[in-house]
Amino acid sequence: MKELRLALTTIKIRIKDQLHYPGRFFTDIVVFATRCGILLVLYWYVFKLRGGTISGTTFQAVAWSMFFYFTFMTFRLRDISREMMMDVQTGQIETLMNKPISYLSYKAWGRIGTGILPMLTVGALGATALTLTVGAPPLMRSAAFFPTLALVFIGSCSLTIAVYTIVGLLSFWIEDINPVFWMVDKAVMMLGGSYLPIALFPSLMYKIAVFSPFGASQFLTHTAYAKWLYEWPMLIGIQAAWIVLLGTTMLIMYKYARKTVCVNGG
Amino acid sequence: MKNDLSFAIYAIKKNIQGSAELRTSFLTNVIGMMINNTAFILLWVFFINAVGQIGGWTPTDIIGLNGFAALTYGLAFSTFYGIRKMPDYAATGAFDRFMLSPKNLLVRVSTSAFSTSAVGDVLFGIVCLGIFSFLIHTNIIQLALLLILAFAACLVFISTIIIIYSIGFLFTDGNNVSEGIFQLFFTPAMFDGGAYQGGMRLIFTFIIPSLLIGTMPIEAIKDLSFVKATLVVGLSAVWFLLSILIFNRSVKKYESSNFMTFGN
């Protein structure tokens, strides 16, 4: 109950904060439109040149897959790493740790509260635009689609938070985590199917994407392809396994990280 | 002019010395950024392998494109990182201290900060352009073009960021607005140049100069196209003059804040 109240309060405060700064909305929409929009135009042109399909994949599936990736990116759960680094570097960490709430929960709910409104806005606008231009893929009419989409979305959020929190926790020891963040972030970007949709991956890269936590954190992008309807139990299973493993690692790391903090000391 | 230049060089030198003081952090940032940039080359090479060449663009061209993009980005933000901080300076009132300085305002504010990771971009850009030159068997004319266009591309990049971050003076939430516009400018510069045809090419050359910092220079060098080279050089001069004009106009919109501090 206490945890739920913390979550709701944090999310509510962050949403109110977002509403006060329309510039942030503008940034999110522009970034989304630039990255996703131009890539889609590029792929539309490429598919047109290649006669409508590449490796048996249609533009429609690729467009929805990339749309899912960039919408999820608008959630900005990845920013949790840098927020934690800033807390450590500025000394804010000791104030937050002295509060009677869990630091990790506060950070995670804070990120969710900050990102949820831009993500929903961009998601609604983008989905409408895509439905009107390229149409909805046939698999979206399947009864299993939306429940599994919701499941994999929750899994993607949890795994992304776990991956980036682990990176953020490193700042308790190495202070400047930027180089680690860049590497993890690029691994997520490549294996998640951002610029190159997963349907066009070489077979080895596809296997790495499926079995690594970086690719697993972006399984949302798999939902746009027809084979999702029979692959989802395996993919959600892999995602759940990574959540347990990295979630446990995160908690163990946090336990040790707490010991490195010297309040009023360093 | 000479005084401004010598001040800029002095400020940049001090910034580099300050960053290099934290040696481990400096090196990890530089090396980390170089590894980070490699991801973009890999992505676009996979893209070409999967869908084939578009508009005659090969993986070699992608290496060159990333070289230009990284070099321009790196040089601009390693030396003139203060430009990116202008909206923050305006929002916090820290811009006051630059206005009170007897030095050239734009030079003073531009050289007020330094990005360590951008040094990694510069090195990565030089390595990529070296590989690109080697792979296309550059002759002396192409090499000269590469150097001239690298300079012109840097000028376009710096001019564009001056315009983008000057816009920050016009909004209360200037930092976010400027960052959004910066993404609109820079992201298309990283994409496979062969994909820009017709209207898209015109928009991203003349309205948003994204293609001037990589795509057009690469095509000019590869095809030995003096028309494209002249266009890049000519437009770089136009953008530079425009950026000075917009900066001076935007600064007039700045209202000194009433914080009881002396800036940051």
# chains A, B, ... in the order shown; residues from 1 in each chain; ligands from 1
$ interface_residues --of "chain B" --to "chain A" --cutoff "7 Å" --atoms "only C-alpha atoms" --output "list in words"
Ser25, Thr28, Asn29, Gly32, Met33, Asn36, Ala39, Leu43, Phe47, Ala50, Val51, Asp173, Asn176, Val177, Glu179, Gly180, Gln183, Leu184, Thr187 and Ala195 of chain B
$ residues_around --residues "Trp173 of chain A" --least-positions-apart "6" --cutoff "12 Å" --atoms "only C-alpha atoms" --output "short mmCIF file (atom, residue, chain, number, x, y, z; two decimals) with C-alpha atoms, in the first residue's frame"
data_model
loop_
_atom_site.label_atom_id
_atom_site.label_comp_id
_atom_site.auth_asym_id
_atom_site.auth_seq_id
_atom_site.Cartn_x
_atom_site.Cartn_y
_atom_site.Cartn_z
CA MET A 85 24.92 9.73 -11.84
CA VAL A 88 25.94 10.95 -6.93
CA GLN A 89 28.00 13.74 -8.48
CA ILE A 166 22.52 -1.21 -13.12
CA VAL A 167 24.44 1.25 -15.32
CA MET A 253 24.44 -3.94 -6.40
CA TYR A 254 22.26 -1.40 -4.61
CA TYR A 256 26.67 -2.65 -1.80
CA ALA A 257 26.28 0.81 -3.37
CA ARG A 258 24.55 2.09 -0.21
CA LYS A 259 27.61 1.16 1.81
CA THR A 260 29.85 3.36 -0.35
CA VAL A 261 27.86 6.51 0.46
#
$ select_by_dssp --residues "segment 39-251 of chain A" --states "strand (DSSP E)" --output "PyMOL selection string"
chain A and resi 53-54+57-58
$ residues_around --residues "Trp57 of chain B" --least-positions-apart "4" --cutoff "8 Å" --atoms "only C-alpha atoms" --output "VMD selection string"
chain B and resid 53 61 to 62 192 to 194
$ write_last_selection --atoms "N, CA and C atoms" --output "short mmCIF file (atom, residue, chain, number, x, y, z; two decimals), in the first residue's frame"
data_model
loop_
_atom_site.label_atom_id
_atom_site.label_comp_id
_atom_site.auth_asym_id
_atom_site.auth_seq_id
_atom_site.Cartn_x
_atom_site.Cartn_y
_atom_site.Cartn_z
N GLN B 53 22.31 -1.34 -52.21
CA GLN B 53 22.72 0.07 -52.33
C GLN B 53 21.55 0.94 -52.77
N ASP B 61 31.07 4.92 -48.40
CA ASP B 61 30.49 6.27 -48.29
C ASP B 61 29.93 6.50 -46.88
N ILE B 62 29.37 5.42 -46.32
CA ILE B 62 28.82 5.53 -44.96
C ILE B 62 29.93 5.85 -43.96
N ASP B 192 21.79 7.37 -44.41
CA ASP B 192 22.29 7.03 -45.75
C ASP B 192 21.90 8.11 -46.76
N GLY B 193 22.91 8.77 -47.33
CA GLY B 193 22.65 9.91 -48.22
C GLY B 193 21.89 9.55 -49.48
N GLY B 194 21.98 8.28 -49.90
CA GLY B 194 21.30 7.87 -51.12
C GLY B 194 19.78 7.92 -51.01
#
$ closest_atom_pairs --of "segment 2-84 of chain B" --to "segment 134-151 of chain B" --cutoff "10 Å" --atoms "only C-alpha atoms" --output "JSON lines"
{"residue": "B:Thr60", "atom": "CA", "partner": "B:Leu135", "partner_atom": "CA", "distance": 6.9}
{"residue": "B:Asp61", "atom": "CA", "partner": "B:Ile136", "partner_atom": "CA", "distance": 9.0}
{"residue": "B:Ile63", "atom": "CA", "partner": "B:Leu135", "partner_atom": "CA", "distance": 9.8}
{"residue": "B:Gly64", "atom": "CA", "partner": "B:Leu135", "partner_atom": "CA", "distance": 9.8}
{"residue": "B:Gly67", "atom": "CA", "partner": "B:Ala150", "partner_atom": "CA", "distance": 9.7}
{"residue": "B:Phe68", "atom": "CA", "partner": "B:Ala150", "partner_atom": "CA", "distance": 6.8}
{"residue": "B:Ala69", "atom": "CA", "partner": "B:Ala150", "partner_atom": "CA", "distance": 9.6}
{"residue": "B:Leu71", "atom": "CA", "partner": "B:Ala150", "partner_atom": "CA", "distance": 8.0}
{"residue": "B:Thr72", "atom": "CA", "partner": "B:Ala150", "partner_atom": "CA", "distance": 7.5}
$ select_by_dssp --residues "segment 50-259 of chain B" --states "alpha helix (DSSP H)" --output "number ranges by chain"
B: 50-51, 59-79, 82-92, 96-99, 105-110, 117-135, 140-166, 174-186, 198-202, 215-223, 226-251
$ residues_around --residues "Phe67 of chain A" --least-positions-apart "5" --cutoff "9 Å" --atoms "only C-alpha atoms" --output "number ranges by chain"
A: 36-37, 40, 62, 72, 123, 126-127, 130, 221
$ residues_around --residues "Val251 of chain B" --least-positions-apart "4" --cutoff "8 Å" --atoms "only C-alpha atoms" --output "JSON, numbers by chain"
{"B": [166, 169, 247]}
$ decode --residues "segment 30-140 of chain B" --atoms "C-alpha atoms" --output "PDB file, in the first residue's frame"
ATOM      1  CA  VAL B  30      37.204   9.856 -25.515  1.00  0.00           C
ATOM      2  CA  ILE B  31      37.534   6.094 -26.064  1.00  0.00           C
ATOM      3  CA  GLY B  32      33.903   5.461 -25.067  1.00  0.00           C
ATOM      4  CA  MET B  33      32.660   7.976 -27.609  1.00  0.00           C
ATOM      5  CA  MET B  34      34.740   6.395 -30.367  1.00  0.00           C
ATOM      6  CA  ILE B  35      33.252   2.961 -29.616  1.00  0.00           C
ATOM      7  CA  ASN B  36      29.791   4.534 -29.391  1.00  0.00           C
ATOM      8  CA  ASN B  37      30.149   6.076 -32.860  1.00  0.00           C
ATOM      9  CA  THR B  38      31.180   2.761 -34.391  1.00  0.00           C
ATOM     10  CA  ALA B  39      27.634   1.531 -33.744  1.00  0.00           C
ATOM     11  CA  PHE B  40      26.259   3.921 -36.371  1.00  0.00           C
ATOM     12  CA  ILE B  41      28.632   2.643 -39.023  1.00  0.00           C
ATOM     13  CA  LEU B  42      27.725  -0.951 -38.191  1.00  0.00           C
ATOM     14  CA  LEU B  43      24.014  -0.152 -38.378  1.00  0.00           C
ATOM     15  CA  TRP B  44      24.200   1.443 -41.803  1.00  0.00           C
ATOM     16  CA  VAL B  45      26.522  -1.235 -43.168  1.00  0.00           C
ATOM     17  CA  PHE B  46      23.995  -3.857 -42.035  1.00  0.00           C
ATOM     18  CA  PHE B  47      21.309  -1.717 -43.645  1.00  0.00           C
ATOM     19  CA  ILE B  48      23.100  -1.714 -47.018  1.00  0.00           C
ATOM     20  CA  ASN B  49      23.750  -5.453 -46.759  1.00  0.00           C
ATOM     21  CA  ALA B  50      20.068  -6.081 -46.060  1.00  0.00           C
ATOM     22  CA  VAL B  51      18.440  -3.787 -48.616  1.00  0.00           C
ATOM     23  CA  GLY B  52      21.217  -3.206 -51.150  1.00  0.00           C
ATOM     24  CA  GLN B  53      22.719   0.071 -52.333  1.00  0.00           C
ATOM     25  CA  ILE B  54      20.457   3.107 -52.638  1.00  0.00           C
ATOM     26  CA  GLY B  55      21.375   6.002 -54.871  1.00  0.00           C
ATOM     27  CA  GLY B  56      24.841   4.482 -55.381  1.00  0.00           C
ATOM     28  CA  TRP B  57      25.798   4.770 -51.693  1.00  0.00           C
ATOM     29  CA  THR B  58      28.219   2.060 -50.532  1.00  0.00           C
ATOM     30  CA  PRO B  59      29.506   1.114 -47.048  1.00  0.00           C
ATOM     31  CA  THR B  60      32.644   3.175 -47.842  1.00  0.00           C
ATOM     32  CA  ASP B  61      30.495   6.266 -48.289  1.00  0.00           C
ATOM     33  CA  ILE B  62      28.816   5.534 -44.956  1.00  0.00           C
ATOM     34  CA  ILE B  63      32.247   5.502 -43.300  1.00  0.00           C
ATOM     35  CA  GLY B  64      33.014   8.856 -44.916  1.00  0.00           C
ATOM     36  CA  LEU B  65      29.634  10.264 -43.923  1.00  0.00           C
ATOM     37  CA  ASN B  66      30.160   9.267 -40.310  1.00  0.00           C
ATOM     38  CA  GLY B  67      33.645  10.755 -40.516  1.00  0.00           C
ATOM     39  CA  PHE B  68      32.307  14.118 -41.603  1.00  0.00           C
ATOM     40  CA  ALA B  69      29.432  14.062 -39.109  1.00  0.00           C
ATOM     41  CA  ALA B  70      31.684  13.106 -36.192  1.00  0.00           C
ATOM     42  CA  LEU B  71      34.408  15.583 -37.128  1.00  0.00           C
ATOM     43  CA  THR B  72      32.038  18.533 -37.472  1.00  0.00           C
ATOM     44  CA  TYR B  73      30.118  17.630 -34.326  1.00  0.00           C
ATOM     45  CA  GLY B  74      33.327  16.997 -32.398  1.00  0.00           C
ATOM     46  CA  LEU B  75      35.131  20.160 -33.458  1.00  0.00           C
ATOM     47  CA  ALA B  76      32.097  22.323 -32.804  1.00  0.00           C
ATOM     48  CA  PHE B  77      31.331  20.912 -29.374  1.00  0.00           C
ATOM     49  CA  SER B  78      34.876  20.370 -28.158  1.00  0.00           C
ATOM     50  CA  THR B  79      35.859  23.958 -28.866  1.00  0.00           C
ATOM     51  CA  PHE B  80      32.581  25.881 -28.765  1.00  0.00           C
ATOM     52  CA  TYR B  81      30.462  23.868 -26.324  1.00  0.00           C
ATOM     53  CA  GLY B  82      29.312  27.126 -24.747  1.00  0.00           C
ATOM     54  CA  ILE B  83      26.958  27.606 -27.699  1.00  0.00           C
ATOM     55  CA  ARG B  84      24.946  24.602 -26.552  1.00  0.00           C
ATOM     56  CA  LYS B  85      24.746  26.052 -23.054  1.00  0.00           C
ATOM     57  CA  MET B  86      23.390  29.424 -24.134  1.00  0.00           C
ATOM     58  CA  PRO B  87      19.729  28.618 -23.359  1.00  0.00           C
ATOM     59  CA  ASP B  88      20.797  27.483 -19.879  1.00  0.00           C
ATOM     60  CA  TYR B  89      22.855  30.623 -19.364  1.00  0.00           C
ATOM     61  CA  ALA B  90      19.853  32.719 -20.404  1.00  0.00           C
ATOM     62  CA  ALA B  91      17.434  30.809 -18.162  1.00  0.00           C
ATOM     63  CA  THR B  92      19.629  31.017 -15.078  1.00  0.00           C
ATOM     64  CA  GLY B  93      20.796  34.582 -15.595  1.00  0.00           C
ATOM     65  CA  ALA B  94      24.389  33.432 -16.046  1.00  0.00           C
ATOM     66  CA  PHE B  95      24.487  35.182 -19.405  1.00  0.00           C
ATOM     67  CA  ASP B  96      24.973  38.484 -17.571  1.00  0.00           C
ATOM     68  CA  ARG B  97      28.633  37.784 -16.945  1.00  0.00           C
ATOM     69  CA  PHE B  98      29.309  37.309 -20.648  1.00  0.00           C
ATOM     70  CA  MET B  99      27.590  40.551 -21.530  1.00  0.00           C
ATOM     71  CA  LEU B 100      29.731  42.402 -19.038  1.00  0.00           C
ATOM     72  CA  SER B 101      32.914  40.997 -20.525  1.00  0.00           C
ATOM     73  CA  PRO B 102      34.898  43.377 -22.778  1.00  0.00           C
ATOM     74  CA  LYS B 103      35.588  40.497 -25.212  1.00  0.00           C
ATOM     75  CA  ASN B 104      33.546  39.644 -28.296  1.00  0.00           C
ATOM     76  CA  LEU B 105      30.278  38.278 -26.905  1.00  0.00           C
ATOM     77  CA  LEU B 106      29.883  35.311 -29.263  1.00  0.00           C
ATOM     78  CA  VAL B 107      33.507  34.237 -28.888  1.00  0.00           C
ATOM     79  CA  ARG B 108      33.347  34.639 -25.120  1.00  0.00           C
ATOM     80  CA  VAL B 109      30.166  32.603 -24.691  1.00  0.00           C
ATOM     81  CA  SER B 110      31.118  29.932 -27.264  1.00  0.00           C
ATOM     82  CA  THR B 111      34.428  29.142 -25.631  1.00  0.00           C
ATOM     83  CA  SER B 112      33.015  29.142 -22.101  1.00  0.00           C
ATOM     84  CA  ALA B 113      32.597  25.345 -21.979  1.00  0.00           C
ATOM     85  CA  PHE B 114      34.217  22.227 -23.322  1.00  0.00           C
ATOM     86  CA  SER B 115      32.877  18.740 -24.048  1.00  0.00           C
ATOM     87  CA  THR B 116      35.436  16.039 -23.355  1.00  0.00           C
ATOM     88  CA  SER B 117      33.566  13.325 -25.227  1.00  0.00           C
ATOM     89  CA  ALA B 118      33.565  15.494 -28.348  1.00  0.00           C
ATOM     90  CA  VAL B 119      37.335  14.955 -28.546  1.00  0.00           C
ATOM     91  CA  GLY B 120      36.466  11.290 -29.152  1.00  0.00           C
ATOM     92  CA  ASP B 121      34.229  12.424 -32.004  1.00  0.00           C
ATOM     93  CA  VAL B 122      37.071  14.431 -33.546  1.00  0.00           C
ATOM     94  CA  LEU B 123      39.460  11.471 -33.404  1.00  0.00           C
ATOM     95  CA  PHE B 124      36.783   9.117 -34.716  1.00  0.00           C
ATOM     96  CA  GLY B 125      36.035  11.527 -37.561  1.00  0.00           C
ATOM     97  CA  ILE B 126      39.692  11.771 -38.556  1.00  0.00           C
ATOM     98  CA  VAL B 127      40.079   7.968 -38.508  1.00  0.00           C
ATOM     99  CA  CYS B 128      36.914   7.480 -40.601  1.00  0.00           C
ATOM    100  CA  LEU B 129      37.936  10.100 -43.147  1.00  0.00           C
ATOM    101  CA  GLY B 130      41.378   8.470 -43.344  1.00  0.00           C
ATOM    102  CA  ILE B 131      39.778   5.076 -44.034  1.00  0.00           C
ATOM    103  CA  PHE B 132      37.375   6.641 -46.535  1.00  0.00           C
ATOM    104  CA  SER B 133      40.251   8.345 -48.383  1.00  0.00           C
ATOM    105  CA  PHE B 134      42.211   5.111 -48.459  1.00  0.00           C
ATOM    106  CA  LEU B 135      39.287   3.025 -49.718  1.00  0.00           C
ATOM    107  CA  ILE B 136      38.367   5.375 -52.572  1.00  0.00           C
ATOM    108  CA  HIS B 137      42.055   5.798 -53.522  1.00  0.00           C
ATOM    109  CA  THR B 138      41.923   9.577 -53.109  1.00  0.00           C
ATOM    110  CA  ASN B 139      43.993  11.643 -55.501  1.00  0.00           C
ATOM    111  CA  ILE B 140      45.488  15.027 -54.647  1.00  0.00           C
TER     112      ILE B 140
END
